[in-house]
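**Q** What follows is a single structure, and I will ask about it in a moment.
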Amino acid sequence: MKFENILADIGGFGRFQIFIFVILCFPRVTLPWHFLLHNFISAVPTHHCAISDPDNEDIFGNLTAHQKLVVSIPMELSGAFSTCKMFSEPQFQLLSNSSMGAGNAAATVECQYGWVYDTSIFSSTVATEWDMVCNKKGLNQASATFFFIGVMIGAIVFGGLSDKFGRKPMLLASFILSIVFGLAATFSVSYVMFAIMRSLTGFGLTGISIISICLTIEWVDIEHRTFIGVFGSMVWSTGNMMLALIAYLIRDWRWLLLAVTSPLVICCIVWWWIPESARWLLANGKVHEAHTYLSKCAKMNNRKDASSKITPEMLSRIVTVEGKNKNYTYLDLVRTPKMRKLAICTGIIWFGVAHTYYGISLNITGFGLNMYLTQFIYGAIEVPAKLLVYYMLNRIGRRQSQAWSLLLTGVCLGINLFLPSSMVLVRSVIAILGKGLSEASFTIVYLYTAELYPTVVRQNGIGYSSFVARLGVSAAPLIMLLEDIWKLLPQTIFCSVAILAGFTAFFLPETQNLRLPETIEDVEQTRKRTIAISAEERTDISLKPLNCDLKENVS
């Protein structure tokens with residue numbers, strides 16, 4: 001007898017599961033607000049060197065503002081003023097023939113008096129606050145890397161702790177940490193403080209990311225796992241589109257950071273109504289607590305008859321765990337052959353999925369469109385992509401869907417490598433299509449990974465996978481800096497990684513219509529005995545046979 005048999009009798013997708021799904025939407029919608037916030041709080045507006053010397057302001061006489069720029073700042077071949085250079089001495093002769101500016105051979109120096117920024121789009125960003133431009137632009141991009149390093153470390157910590165101490169308490173810890181460090185980042189007085197606080201915010205947010213999806217999937221039956229996995233990820237897409245509106249309305253980076261952090265306070269309130277995972281409780285020998293939650297589930301789902309037949313004694317024999325007092329660690333992911341293969345393959349896939357997704361998502365100004373519109377379109381395209389995912393997961397299964405979504409993402413990126421930059425519309429359409437496919441692969445990988453790893457190390461598995469994914473995300477902003485070496489190099493790397501990850505997915509087993517594995521032994525053994533029963537067969541199951549010796553029914 002497996003946990004799914006009990007879930008079938010008390011209701012595997014009723015009001016109780018819908019309640020969990022809805023209540024976890026509150027914290028999940030805030031995730032893209034933080035994960036993609038770099039696009040707005042670290043945006044670099046149009047800028048040029050400040051030309052006013054406080055000790056020698058009379059040198060320009062009665063020149064207009066534009067004339068001051070002409071004599072002080074060289075012009076690029078494109079006709080725009082240089083962003084990082086200025087003349088060492090004013091070139092007044094350019095006033096009579098300003099067309100000489102682009103080819104002027106006068107000596108130039110780096111900006112001496114700071115920079116002047118265009119405030120028509122942003123009133124303030126991290127880049128303008130601490131002048132993270134020109135030779136410091138790497139630090140500006142690195143702020144995203146620092147954030148995802150925190151996410152990466154948090155994946156390992158929360159993955160292990162939630163398998164040891166439970167999903168619910170670690171979820172609360174994640175809420176509190178995210179609020180504290182998010183607010184601290186808002187009041188940063190230096191770039192160093194900002195980078196550290198954003199890293200710690202990322203650390204806290206990881207718990208929300210990996211625990212909420214796991215907790216939702218562990219409470220639903222086999223038939224509705226795909227529905228929950230796919231439509232649950234719609235919350236991310238909604239938050240993605242909402243971020244475009246929030247950032248459009250709030251143009252100061254401090255207020256914007258405060259606006260996306262403060263809703264987490266509501267999450268701490270609704271946390272009281274979130275149940276612990278009954279699967280985790282049973283797998284860790286906490287039978288009486290599991291019985292309490294299962295009874296609540298049966299009552300809310302109007303299965304009171306089933307609730308009365310469930311006893312702690314019966315539940316204690318539902319799952320056979322090798323050593324119930326054993327503390328599982330990340331080493332258990334590589335101790336046995338199939339688990340080791342699983343860890344290697346999921347690691348490569350998660351790296352490829354995340355590296356490609358954020359490589360596209362963090363480049364919302366590279367296609368000539370308004371950045372707010374691009375952000376909204378990138379979020380909107382995910383909706384039809386996920387509807388297609390829902391169909392494909394049920395049609396061709398997890399493995400094929402995962403592989404082909406990544407391969408086609410790589411194809412889209414590869415096509416844009418050969419299209420000239422003048423074809424803005426075509427490049428934008430292909431990029432948006434690639435964005436949708438990359439999000440499809442992200443949607444699949446969360447569900448697929450949760451189904452691959454057994455309950456006793458599921459959060460360890462997701463935590464490890466998320467760690468590797470954030471390693472890929474952390475590298476993405478830095479990879480973009482390689483365009484200074486070769487314009488197409490970042491795109492080439494993202495394309496190659498997506499294709500490699502896509503081919504790796506073919507080495508994983510299929511999990512469609514299979515029960516969730518409970519123990520490592522379930523993974524190492526053949527899965528013939530864990531194939532899902534049909535709906536007709538399930539209706540014939542009652543709890544009466546559970547009064548027999550359940551040891552004979554354990555698979």
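Order determines the names: the first chain of the structure tokens is A, the second B, and so forth; residues in each chain are numbered 1 upward, and ligands are numbered 1 upward as they are shown.
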Give me the residues within 8 Å of His38 of chain A as number ranges by chain, counting only C-alpha atoms and dropping any in the same chain fewer than 4 places off.
**A** A: 34, 42-43, 143-144, 362
**Q** How would the residues just picked look written out with N, CA, C and O atoms as a PDB file, in the first residue's frame?
**A**
```pdb
ATOM      1  N   HIS A  34      11.657  39.661  -7.643  1.00  0.00           N
ATOM      2  CA  HIS A  34      13.032  39.757  -7.150  1.00  0.00           C
ATOM      3  C   HIS A  34      14.035  39.176  -8.145  1.00  0.00           C
ATOM      4  O   HIS A  34      15.102  39.752  -8.370  1.00  0.00           O
ATOM      5  N   SER A  42      19.032  48.016 -11.708  1.00  0.00           N
ATOM      6  CA  SER A  42      20.424  48.189 -12.148  1.00  0.00           C
ATOM      7  C   SER A  42      20.505  48.673 -13.591  1.00  0.00           C
ATOM      8  O   SER A  42      21.550  48.552 -14.231  1.00  0.00           O
ATOM      9  N   ALA A  43      19.408  49.193 -14.112  1.00  0.00           N
ATOM     10  CA  ALA A  43      19.407  49.692 -15.488  1.00  0.00           C
ATOM     11  C   ALA A  43      20.373  50.869 -15.625  1.00  0.00           C
ATOM     12  O   ALA A  43      20.566  51.652 -14.697  1.00  0.00           O
ATOM     13  N   SER A 143      26.083  42.645  -9.627  1.00  0.00           N
ATOM     14  CA  SER A 143      25.074  42.689  -8.571  1.00  0.00           C
ATOM     15  C   SER A 143      24.039  41.584  -8.773  1.00  0.00           C
ATOM     16  O   SER A 143      23.523  41.017  -7.808  1.00  0.00           O
ATOM     17  N   ALA A 144      23.727  41.260 -10.034  1.00  0.00           N
ATOM     18  CA  ALA A 144      22.826  40.137 -10.314  1.00  0.00           C
ATOM     19  C   ALA A 144      23.496  38.822  -9.965  1.00  0.00           C
ATOM     20  O   ALA A 144      22.874  37.906  -9.424  1.00  0.00           O
ATOM     21  N   LEU A 362      17.417  38.503 -18.892  1.00  0.00           N
ATOM     22  CA  LEU A 362      18.171  39.659 -18.409  1.00  0.00           C
ATOM     23  C   LEU A 362      18.672  40.533 -19.559  1.00  0.00           C
ATOM     24  O   LEU A 362      19.473  41.445 -19.346  1.00  0.00           O
TER      25      LEU A 362
END
```
**Q** At a cut-off of 9 Å, can you tabulate as CSV every residue of segment 215-274 of chain A near segment 163-178 of chain A together with its closest atom pair and the distance in Å to one decimal, using only C-alpha atoms and ordering rows by chain then number?
**A**
```
residue,atom,partner,partner_atom,distance
A:Leu215,CA,A:Arg167,CA,6.9
A:Thr261,CA,A:Ser178,CA,7.7
A:Leu264,CA,A:Phe175,CA,6.5
A:Val265,CA,A:Phe175,CA,7.8
A:Cys267,CA,A:Phe175,CA,7.1
A:Cys268,CA,A:Phe175,CA,6.4
A:Trp271,CA,A:Leu172,CA,6.9
A:Ile274,CA,A:Lys168,CA,7.2
```
**Q** Write the residues of the preceding selection, restricted to C-alpha atoms, as a compact mmCIF listing (two decimals), in the first residue's frame.
**A**
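Saved result, out_20.txt, follows:
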```
# COMPACT_ATOMS: atom_id res chain seq x y z
CA LEU A 215 4.79 21.01 -0.93
CA THR A 261 9.53 43.05 -0.72
CA LEU A 264 6.00 39.01 1.90
CA VAL A 265 4.59 40.27 5.20
CA CYS A 267 2.85 35.60 3.36
CA CYS A 268 3.90 35.33 7.01
CA TRP A 271 1.64 30.71 6.55
CA ILE A 274 -0.34 26.05 5.19
```
**Q** Could you jot down the atom CA of Thr206 of chain A to atom CA of Pro454 of chain A separation for me, Å, one decimal place?
**A**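 So the two atoms, atom CA of Thr206 of chain A and atom CA of Pro454 of chain A, lie 20.4 Å apart.
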**Q** How far is it from atom CA of Ala469 of chain A to atom CA of His355 of chain A, in Å with one decimal?
**A**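 Atom CA of Ala469 of chain A sits 7.0 Å away from atom CA of His355 of chain A.
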**Q** Skip Trp236 of chain A itself and residues of its chain fewer than 3 positions away, then list as a PDB file with N, CA, C and O atoms, in the first residue's frame all residues within 8 Å of it, counting only C-alpha atoms.
**A**
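Once everything was written out, this is out.pdb:
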```
ATOM      1  N   ARG A  28       4.643  32.831  -4.133  1.00  0.00           N
ATOM      2  CA  ARG A  28       5.259  32.488  -5.411  1.00  0.00           C
ATOM      3  C   ARG A  28       5.187  33.627  -6.426  1.00  0.00           C
ATOM      4  O   ARG A  28       6.066  33.755  -7.283  1.00  0.00           O
ATOM      5  N   VAL A  29       4.172  34.465  -6.327  1.00  0.00           N
ATOM      6  CA  VAL A  29       4.050  35.564  -7.289  1.00  0.00           C
ATOM      7  C   VAL A  29       5.131  36.614  -7.074  1.00  0.00           C
ATOM      8  O   VAL A  29       5.462  37.392  -7.992  1.00  0.00           O
ATOM      9  N   LEU A  31       8.284  35.970  -6.447  1.00  0.00           N
ATOM     10  CA  LEU A  31       9.600  35.470  -6.859  1.00  0.00           C
ATOM     11  C   LEU A  31      10.139  36.161  -8.105  1.00  0.00           C
ATOM     12  O   LEU A  31      11.290  36.631  -8.098  1.00  0.00           O
ATOM     13  N   PRO A  32       9.367  36.248  -9.211  1.00  0.00           N
ATOM     14  CA  PRO A  32       9.924  36.951 -10.376  1.00  0.00           C
ATOM     15  C   PRO A  32      10.178  38.428 -10.121  1.00  0.00           C
ATOM     16  O   PRO A  32      11.022  39.038 -10.788  1.00  0.00           O
ATOM     17  N   GLY A 232       0.545  25.896 -11.741  1.00  0.00           N
ATOM     18  CA  GLY A 232       1.194  26.567 -10.620  1.00  0.00           C
ATOM     19  C   GLY A 232       2.276  27.516 -11.101  1.00  0.00           C
ATOM     20  O   GLY A 232       2.490  28.598 -10.527  1.00  0.00           O
ATOM     21  N   SER A 233       2.955  27.141 -12.175  1.00  0.00           N
ATOM     22  CA  SER A 233       3.997  28.007 -12.716  1.00  0.00           C
ATOM     23  C   SER A 233       3.419  29.226 -13.422  1.00  0.00           C
ATOM     24  O   SER A 233       4.155  30.171 -13.738  1.00  0.00           O
ATOM     25  N   GLY A 239       3.417  37.094 -12.182  1.00  0.00           N
ATOM     26  CA  GLY A 239       4.336  37.992 -11.499  1.00  0.00           C
ATOM     27  C   GLY A 239       5.295  38.669 -12.457  1.00  0.00           C
ATOM     28  O   GLY A 239       5.667  39.838 -12.277  1.00  0.00           O
ATOM     29  N   ASN A 240       5.693  37.936 -13.488  1.00  0.00           N
ATOM     30  CA  ASN A 240       6.577  38.484 -14.510  1.00  0.00           C
ATOM     31  C   ASN A 240       5.946  39.679 -15.193  1.00  0.00           C
ATOM     32  O   ASN A 240       6.581  40.729 -15.390  1.00  0.00           O
TER      33      ASN A 240
END
```
**Q** For segment 397-408 of chain A, list every protein, DNA or RNA residue within 9 Å, evaluated using only C-alpha atoms, and leave out those in the same chain fewer than 3 positions away; present the list as a ChimeraX atom specification.
**A** /A:349,352-353,356,389,392-394,411-413,434,437-442,444-445,447-448,495,498-512
**Q** Report as a PDB file with N, CA and C atoms, in the first residue's frame all protein, DNA and RNA residues lying within 9 Å of Val270 of chain A, evaluated on only C-alpha atoms, omitting residues in the same chain fewer than 4 positions from it.
**A**
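Ended up saving to out35.pdb:
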```
ATOM      1  N   ILE A  23      -3.179  29.395  -1.645  1.00  0.00           N
ATOM      2  CA  ILE A  23      -2.496  30.108  -0.568  1.00  0.00           C
ATOM      3  C   ILE A  23      -0.996  30.226  -0.841  1.00  0.00           C
ATOM      4  N   LEU A  24      -0.433  29.256  -1.584  1.00  0.00           N
ATOM      5  CA  LEU A  24       0.981  29.325  -1.927  1.00  0.00           C
ATOM      6  C   LEU A  24       1.232  30.221  -3.136  1.00  0.00           C
ATOM      7  N   PHE A  26       0.483  33.338  -3.151  1.00  0.00           N
ATOM      8  CA  PHE A  26       0.903  34.632  -2.611  1.00  0.00           C
ATOM      9  C   PHE A  26       2.426  34.767  -2.572  1.00  0.00           C
ATOM     10  N   ILE A 266       2.477  39.669   4.152  1.00  0.00           N
ATOM     11  CA  ILE A 266       1.205  38.954   4.048  1.00  0.00           C
ATOM     12  C   ILE A 266       1.437  37.450   4.051  1.00  0.00           C
ATOM     13  N   ILE A 274      -1.011  26.996   6.104  1.00  0.00           N
ATOM     14  CA  ILE A 274      -0.341  26.047   5.195  1.00  0.00           C
ATOM     15  C   ILE A 274      -0.065  24.744   5.946  1.00  0.00           C
TER      16      ILE A 274
END
```
**Q** DSSP on the backbone: what in segment 312-494 of chain A comes out helix (DSSP H, G or I), as a PyMOL selection string?
**A** chain A and resi 312-315+330-333+337-361+371-380+382-418+424-452+455-484+489-494
**Q** Using only C-alpha atoms, which residues sit within 10 Å of Ile210 of chain A once same-chain residues fewer than 6 positions away are excluded, as a PyMOL selection string?
**A** chain A and resi 154-155+158-159+162+167+171+446+450+459-460+462-463+465-466
**Q** Can you work out the spacing between atom CA of Gly207 of chain A and atom CA of Val151 of chain A in Å, to one decimal?
**A**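 So the answer is 8.9 Å.
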**Q** Using only C-alpha atoms, determine which residues lie at most 12 Å from Met480 of chain A, disregarding the query and same-chain residues fewer than 5 positions distant; provide the list as number ranges by chain.
**A** A: 137-138, 141-142, 144-145, 355-356, 358-363, 366, 473-475, 485-494
